[in-house]
>>> print(open('final.txt').read())   # compact mmCIF, N, CA and C atoms
# COMPACT_ATOMS: atom_id res chain seq x y z
N MET A 1 81.83 79.11 100.77
CA MET A 1 82.89 80.00 100.32
C MET A 1 84.13 79.15 100.08
N GLN A 2 84.69 79.25 98.89
CA GLN A 2 85.85 78.45 98.55
C GLN A 2 87.14 79.04 99.10
N ASN A 3 87.33 80.32 98.94
CA ASN A 3 88.55 80.96 99.42
C ASN A 3 88.19 82.36 99.90
N GLY A 4 88.32 82.60 101.20
CA GLY A 4 87.93 83.87 101.78
C GLY A 4 88.65 85.07 101.19
N TYR A 5 89.93 84.91 100.89
CA TYR A 5 90.70 86.03 100.33
C TYR A 5 90.20 86.39 98.94
N ILE A 6 89.94 85.38 98.12
CA ILE A 6 89.47 85.64 96.76
C ILE A 6 88.07 86.25 96.79
N GLU A 7 87.21 85.70 97.64
CA GLU A 7 85.85 86.23 97.75
C GLU A 7 85.88 87.69 98.21
N SER A 8 86.75 88.01 99.16
CA SER A 8 86.87 89.38 99.65
C SER A 8 87.36 90.30 98.54
N PHE A 9 88.39 89.87 97.82
CA PHE A 9 88.92 90.68 96.72
C PHE A 9 87.85 90.90 95.65
N ASN A 10 87.16 89.83 95.27
CA ASN A 10 86.12 89.96 94.24
C ASN A 10 85.04 90.95 94.66
N GLY A 11 84.64 90.90 95.92
CA GLY A 11 83.63 91.83 96.41
C GLY A 11 84.10 93.27 96.36
N LYS A 12 85.34 93.51 96.78
CA LYS A 12 85.89 94.87 96.74
C LYS A 12 86.00 95.37 95.31
N PHE A 13 86.50 94.49 94.43
CA PHE A 13 86.66 94.87 93.02
C PHE A 13 85.31 95.21 92.40
N ARG A 14 84.32 94.39 92.67
CA ARG A 14 82.99 94.65 92.13
C ARG A 14 82.41 95.94 92.69
N ASP A 15 82.46 96.11 94.02
CA ASP A 15 81.86 97.29 94.66
C ASP A 15 82.58 98.59 94.33
N GLU A 16 83.91 98.54 94.31
CA GLU A 16 84.70 99.77 94.18
C GLU A 16 85.08 100.12 92.75
N CYS A 17 85.02 99.16 91.86
CA CYS A 17 85.43 99.45 90.49
C CYS A 17 84.30 99.18 89.49
N LEU A 18 83.88 97.94 89.40
CA LEU A 18 82.91 97.58 88.37
C LEU A 18 81.57 98.28 88.55
N ASN A 19 81.09 98.37 89.79
CA ASN A 19 79.79 99.01 90.02
C ASN A 19 79.85 100.53 89.93
N GLU A 20 81.02 101.09 89.94
CA GLU A 20 81.19 102.55 89.90
C GLU A 20 81.33 103.11 88.49
N HIS A 21 81.52 102.26 87.50
CA HIS A 21 81.79 102.72 86.13
C HIS A 21 80.82 102.09 85.15
N TRP A 22 80.51 102.85 84.13
CA TRP A 22 79.74 102.34 83.00
C TRP A 22 80.70 102.36 81.82
N PHE A 23 81.27 101.21 81.54
CA PHE A 23 82.29 101.12 80.49
C PHE A 23 81.63 101.13 79.12
N GLN A 24 82.12 102.02 78.26
CA GLN A 24 81.58 102.10 76.90
C GLN A 24 82.52 101.47 75.89
N SER A 25 83.70 101.09 76.34
CA SER A 25 84.64 100.42 75.45
C SER A 25 85.59 99.57 76.28
N LEU A 26 86.22 98.64 75.62
CA LEU A 26 87.18 97.78 76.30
C LEU A 26 88.38 98.60 76.78
N SER A 27 88.82 99.56 75.99
CA SER A 27 89.97 100.38 76.40
C SER A 27 89.63 101.22 77.63
N GLN A 28 88.40 101.73 77.72
CA GLN A 28 87.98 102.49 78.89
C GLN A 28 87.98 101.58 80.13
N ALA A 29 87.51 100.35 79.97
CA ALA A 29 87.52 99.39 81.08
C ALA A 29 88.94 99.10 81.53
N ARG A 30 89.84 98.91 80.57
CA ARG A 30 91.24 98.61 80.91
C ARG A 30 91.88 99.76 81.69
N VAL A 31 91.60 100.99 81.30
CA VAL A 31 92.17 102.15 81.99
C VAL A 31 91.65 102.22 83.43
N ALA A 32 90.36 102.07 83.60
CA ALA A 32 89.77 102.16 84.94
C ALA A 32 90.23 101.02 85.84
N ILE A 33 90.29 99.81 85.29
CA ILE A 33 90.72 98.65 86.08
C ILE A 33 92.19 98.76 86.44
N THR A 34 93.01 99.24 85.53
CA THR A 34 94.44 99.43 85.82
C THR A 34 94.63 100.45 86.94
N ALA A 35 93.88 101.53 86.90
CA ALA A 35 93.99 102.55 87.95
C ALA A 35 93.55 101.98 89.30
N TRP A 36 92.46 101.22 89.31
CA TRP A 36 91.99 100.62 90.56
C TRP A 36 93.01 99.62 91.09
N ARG A 37 93.54 98.77 90.22
CA ARG A 37 94.52 97.77 90.63
C ARG A 37 95.78 98.43 91.18
N SER A 38 96.22 99.49 90.56
CA SER A 38 97.40 100.22 91.05
C SER A 38 97.15 100.77 92.45
N ASP A 39 96.00 101.38 92.64
CA ASP A 39 95.65 101.90 93.97
C ASP A 39 95.58 100.77 95.00
N TYR A 40 94.95 99.67 94.63
CA TYR A 40 94.77 98.53 95.54
C TYR A 40 96.11 97.93 95.95
N ASN A 41 97.05 97.83 95.02
CA ASN A 41 98.33 97.17 95.30
C ASN A 41 99.44 98.09 95.77
N GLU A 42 99.40 99.36 95.40
CA GLU A 42 100.53 100.24 95.67
C GLU A 42 100.25 101.37 96.65
N VAL A 43 98.98 101.67 96.91
CA VAL A 43 98.65 102.81 97.75
C VAL A 43 97.88 102.38 99.01
N ARG A 44 96.85 101.61 98.82
CA ARG A 44 95.92 101.27 99.89
C ARG A 44 96.54 100.31 100.91
N PRO A 45 96.50 100.66 102.19
CA PRO A 45 97.01 99.74 103.22
C PRO A 45 96.04 98.57 103.43
N HIS A 46 96.60 97.40 103.70
CA HIS A 46 95.81 96.20 103.94
C HIS A 46 96.04 95.74 105.37
N SER A 47 94.97 95.52 106.10
CA SER A 47 95.09 95.16 107.52
C SER A 47 95.75 93.80 107.71
N SER A 48 95.60 92.89 106.78
CA SER A 48 96.15 91.54 106.94
C SER A 48 97.67 91.50 106.84
N ILE A 49 98.28 92.58 106.36
CA ILE A 49 99.75 92.60 106.23
C ILE A 49 100.35 93.81 106.96
N GLY A 50 99.74 94.19 108.05
CA GLY A 50 100.31 95.24 108.89
C GLY A 50 99.99 96.66 108.47
N ARG A 51 98.85 96.86 107.80
CA ARG A 51 98.41 98.21 107.40
C ARG A 51 99.39 98.89 106.43
N ILE A 52 99.98 98.10 105.54
CA ILE A 52 100.82 98.66 104.48
C ILE A 52 100.31 98.12 103.14
N PRO A 53 100.64 98.80 102.04
CA PRO A 53 100.22 98.31 100.72
C PRO A 53 100.95 97.01 100.35
N PRO A 54 100.32 96.14 99.57
CA PRO A 54 100.96 94.89 99.18
C PRO A 54 102.32 95.07 98.49
N ALA A 55 102.47 96.09 97.67
CA ALA A 55 103.75 96.30 96.98
C ALA A 55 104.87 96.56 97.99
N LYS A 56 104.60 97.34 99.01
CA LYS A 56 105.60 97.61 100.03
C LYS A 56 105.91 96.34 100.84
N TYR A 57 104.87 95.56 101.13
CA TYR A 57 105.06 94.30 101.85
C TYR A 57 105.94 93.35 101.05
N ALA A 58 105.68 93.24 99.74
CA ALA A 58 106.48 92.37 98.88
C ALA A 58 107.93 92.84 98.84
N GLU A 59 108.13 94.16 98.80
CA GLU A 59 109.48 94.71 98.81
C GLU A 59 110.22 94.33 100.10
N GLN A 60 109.53 94.42 101.22
CA GLN A 60 110.12 94.04 102.50
C GLN A 60 110.50 92.56 102.51
N LEU A 61 109.64 91.70 101.98
CA LEU A 61 109.93 90.27 101.93
C LEU A 61 111.14 89.98 101.04
N ARG A 62 111.22 90.66 99.90
CA ARG A 62 112.38 90.46 99.01
C ARG A 62 113.66 90.90 99.70
N ARG A 63 113.60 92.02 100.41
CA ARG A 63 114.77 92.51 101.12
C ARG A 63 115.19 91.53 102.21
N GLN A 64 114.23 91.01 102.97
CA GLN A 64 114.53 90.05 104.03
C GLN A 64 115.12 88.77 103.45
N ALA A 65 114.58 88.31 102.33
CA ALA A 65 115.10 87.10 101.69
C ALA A 65 116.52 87.33 101.20
N GLY A 66 116.79 88.51 100.66
CA GLY A 66 118.14 88.83 100.21
C GLY A 66 119.12 88.90 101.37
N ASP A 67 118.69 89.50 102.47
CA ASP A 67 119.54 89.58 103.66
C ASP A 67 119.83 88.18 104.20
N ALA A 68 118.82 87.34 104.24
CA ALA A 68 118.99 85.98 104.75
C ALA A 68 119.94 85.19 103.85
N ALA A 69 119.83 85.37 102.54
CA ALA A 69 120.70 84.65 101.61
C ALA A 69 122.15 85.08 101.75
N ARG A 70 122.37 86.35 102.06
CA ARG A 70 123.75 86.83 102.23
C ARG A 70 124.38 86.31 103.52
N HIS A 71 123.56 85.96 104.50
CA HIS A 71 124.08 85.51 105.79
C HIS A 71 124.16 84.00 105.92
N GLU A 72 123.76 83.27 104.88
CA GLU A 72 123.84 81.81 104.94
C GLU A 72 125.30 81.38 104.80
N ILE A 73 125.63 80.32 105.51
CA ILE A 73 126.98 79.74 105.41
C ILE A 73 127.00 78.81 104.22
N PRO A 74 127.94 78.99 103.30
CA PRO A 74 127.98 78.14 102.13
C PRO A 74 128.24 76.69 102.53
N ALA A 75 127.61 75.77 101.82
CA ALA A 75 127.82 74.34 102.08
C ALA A 75 129.25 73.96 101.74
N GLN A 76 129.81 73.07 102.55
CA GLN A 76 131.18 72.61 102.30
C GLN A 76 131.16 71.61 101.16
N ILE A 77 132.16 71.70 100.33
CA ILE A 77 132.30 70.77 99.21
C ILE A 77 133.24 69.65 99.64
N HIS A 78 132.80 68.41 99.47
CA HIS A 78 133.63 67.24 99.84
C HIS A 78 134.25 66.64 98.66
>>> encode(input="final.txt", output="structure tokens")
Amino acid sequence: MQNGYIESFNGKFRDECLNEHWFQSLSQARVAITAWRSDYNEVRPHSSIGRIPPAKYAEQLRRQAGDAARHEIPAQIH
């Protein structure tokens, strides 16, 4: 196994999306895959990041980074 996270994602994507649909056109595949990806990233909680969706986790990280940047002491200019 090269990367456990990628292998896990590929398995979920195959089992939950690709194996569940019989795509008759590229546009139908795009619609189904977009819906699955949206659910995976914005709705479904992930145990590896505290049982929250990845989009919410990313929002928390951006907020923390912004808070940290506001509290940094500016470097003195010589």
>>> atom_distance(input="final.txt", atom1="atom N of Ser47 (chain A)", atom2="CA of Asn19 (chain A)")
22.4 Å
>>> closest_residue(input="final.txt", among="A:Lys12, A:Ala69, A:Gln2, A:Tyr40", to="Ala55 (chain A)", atoms="all atoms listed in the file")
A:Tyr40
>>> select_by_dssp(input="final.txt", residues="chain A", states="alpha helix (DSSP H)", output="PyMOL selection string")
chain A and resi 4-16+26-42+54-70
>>> write_last_selection(input="final.txt", atoms="N, CA and C atoms", output="compact mmCIF listing (two decimals), in the frame of the given file")
# COMPACT_ATOMS: atom_id res chain seq x y z
N GLY A 4 88.32 82.60 101.20
CA GLY A 4 87.93 83.87 101.78
C GLY A 4 88.65 85.07 101.19
N TYR A 5 89.93 84.91 100.89
CA TYR A 5 90.70 86.03 100.33
C TYR A 5 90.20 86.39 98.94
N ILE A 6 89.94 85.38 98.12
CA ILE A 6 89.47 85.64 96.76
C ILE A 6 88.07 86.25 96.79
N GLU A 7 87.21 85.70 97.64
CA GLU A 7 85.85 86.23 97.75
C GLU A 7 85.88 87.69 98.21
N SER A 8 86.75 88.01 99.16
CA SER A 8 86.87 89.38 99.65
C SER A 8 87.36 90.30 98.54
N PHE A 9 88.39 89.87 97.82
CA PHE A 9 88.92 90.68 96.72
C PHE A 9 87.85 90.90 95.65
N ASN A 10 87.16 89.83 95.27
CA ASN A 10 86.12 89.96 94.24
C ASN A 10 85.04 90.95 94.66
N GLY A 11 84.64 90.90 95.92
CA GLY A 11 83.63 91.83 96.41
C GLY A 11 84.10 93.27 96.36
N LYS A 12 85.34 93.51 96.78
CA LYS A 12 85.89 94.87 96.74
C LYS A 12 86.00 95.37 95.31
N PHE A 13 86.50 94.49 94.43
CA PHE A 13 86.66 94.87 93.02
C PHE A 13 85.31 95.21 92.40
N ARG A 14 84.32 94.39 92.67
CA ARG A 14 82.99 94.65 92.13
C ARG A 14 82.41 95.94 92.69
N ASP A 15 82.46 96.11 94.02
CA ASP A 15 81.86 97.29 94.66
C ASP A 15 82.58 98.59 94.33
N GLU A 16 83.91 98.54 94.31
CA GLU A 16 84.70 99.77 94.18
C GLU A 16 85.08 100.12 92.75
N LEU A 26 86.22 98.64 75.62
CA LEU A 26 87.18 97.78 76.30
C LEU A 26 88.38 98.60 76.78
N SER A 27 88.82 99.56 75.99
CA SER A 27 89.97 100.38 76.40
C SER A 27 89.63 101.22 77.63
N GLN A 28 88.40 101.73 77.72
CA GLN A 28 87.98 102.49 78.89
C GLN A 28 87.98 101.58 80.13
N ALA A 29 87.51 100.35 79.97
CA ALA A 29 87.52 99.39 81.08
C ALA A 29 88.94 99.10 81.53
N ARG A 30 89.84 98.91 80.57
CA ARG A 30 91.24 98.61 80.91
C ARG A 30 91.88 99.76 81.69
N VAL A 31 91.60 100.99 81.30
CA VAL A 31 92.17 102.15 81.99
C VAL A 31 91.65 102.22 83.43
N ALA A 32 90.36 102.07 83.60
CA ALA A 32 89.77 102.16 84.94
C ALA A 32 90.23 101.02 85.84
N ILE A 33 90.29 99.81 85.29
CA ILE A 33 90.72 98.65 86.08
C ILE A 33 92.19 98.76 86.44
N THR A 34 93.01 99.24 85.53
CA THR A 34 94.44 99.43 85.82
C THR A 34 94.63 100.45 86.94
N ALA A 35 93.88 101.53 86.90
CA ALA A 35 93.99 102.55 87.95
C ALA A 35 93.55 101.98 89.30
N TRP A 36 92.46 101.22 89.31
CA TRP A 36 91.99 100.62 90.56
C TRP A 36 93.01 99.62 91.09
N ARG A 37 93.54 98.77 90.22
CA ARG A 37 94.52 97.77 90.63
C ARG A 37 95.78 98.43 91.18
N SER A 38 96.22 99.49 90.56
CA SER A 38 97.40 100.22 91.05
C SER A 38 97.15 100.77 92.45
N ASP A 39 96.00 101.38 92.64
CA ASP A 39 95.65 101.90 93.97
C ASP A 39 95.58 100.77 95.00
N TYR A 40 94.95 99.67 94.63
CA TYR A 40 94.77 98.53 95.54
C TYR A 40 96.11 97.93 95.95
N ASN A 41 97.05 97.83 95.02
CA ASN A 41 98.33 97.17 95.30
C ASN A 41 99.44 98.09 95.77
N GLU A 42 99.40 99.36 95.40
CA GLU A 42 100.53 100.24 95.67
C GLU A 42 100.25 101.37 96.65
N PRO A 54 100.32 96.14 99.57
CA PRO A 54 100.96 94.89 99.18
C PRO A 54 102.32 95.07 98.49
N ALA A 55 102.47 96.09 97.67
CA ALA A 55 103.75 96.30 96.98
C ALA A 55 104.87 96.56 97.99
N LYS A 56 104.60 97.34 99.01
CA LYS A 56 105.60 97.61 100.03
C LYS A 56 105.91 96.34 100.84
N TYR A 57 104.87 95.56 101.13
CA TYR A 57 105.06 94.30 101.85
C TYR A 57 105.94 93.35 101.05
N ALA A 58 105.68 93.24 99.74
CA ALA A 58 106.48 92.37 98.88
C ALA A 58 107.93 92.84 98.84
N GLU A 59 108.13 94.16 98.80
CA GLU A 59 109.48 94.71 98.81
C GLU A 59 110.22 94.33 100.10
N GLN A 60 109.53 94.42 101.22
CA GLN A 60 110.12 94.04 102.50
C GLN A 60 110.50 92.56 102.51
N LEU A 61 109.64 91.70 101.98
CA LEU A 61 109.93 90.27 101.93
C LEU A 61 111.14 89.98 101.04
N ARG A 62 111.22 90.66 99.90
CA ARG A 62 112.38 90.46 99.01
C ARG A 62 113.66 90.90 99.70
N ARG A 63 113.60 92.02 100.41
CA ARG A 63 114.77 92.51 101.12
C ARG A 63 115.19 91.53 102.21
N GLN A 64 114.23 91.01 102.97
CA GLN A 64 114.53 90.05 104.03
C GLN A 64 115.12 88.77 103.45
N ALA A 65 114.58 88.31 102.33
CA ALA A 65 115.10 87.10 101.69
C ALA A 65 116.52 87.33 101.20
N GLY A 66 116.79 88.51 100.66
CA GLY A 66 118.14 88.83 100.21
C GLY A 66 119.12 88.90 101.37
N ASP A 67 118.69 89.50 102.47
CA ASP A 67 119.54 89.58 103.66
C ASP A 67 119.83 88.18 104.20
N ALA A 68 118.82 87.34 104.24
CA ALA A 68 118.99 85.98 104.75
C ALA A 68 119.94 85.19 103.85
N ALA A 69 119.83 85.37 102.54
CA ALA A 69 120.70 84.65 101.61
C ALA A 69 122.15 85.08 101.75
N ARG A 70 122.37 86.35 102.06
CA ARG A 70 123.75 86.83 102.23
C ARG A 70 124.38 86.31 103.52
>>> closest_residue(input="final.txt", among="A:Arg62, A:Asn3, A:Phe9, A:Gln24", to="Asn41 (chain A)", atoms="only C-alpha atoms")
A:Phe9
>>> atom_distance(input="final.txt", atom1="atom C of Ala32 (chain A)", atom2="CA of Glu16 (chain A)")
10.1 Å
>>> atom_distance(input="final.txt", atom1="atom C of Tyr5 (chain A)", atom2="atom N of Pro54 (chain A)")
14.1 Å
>>> closest_residue(input="final.txt", among="A:Arg30, A:Trp36, A:Pro53, A:Gln64", to="Arg14 (chain A)", atoms="only C-alpha atoms")
A:Trp36
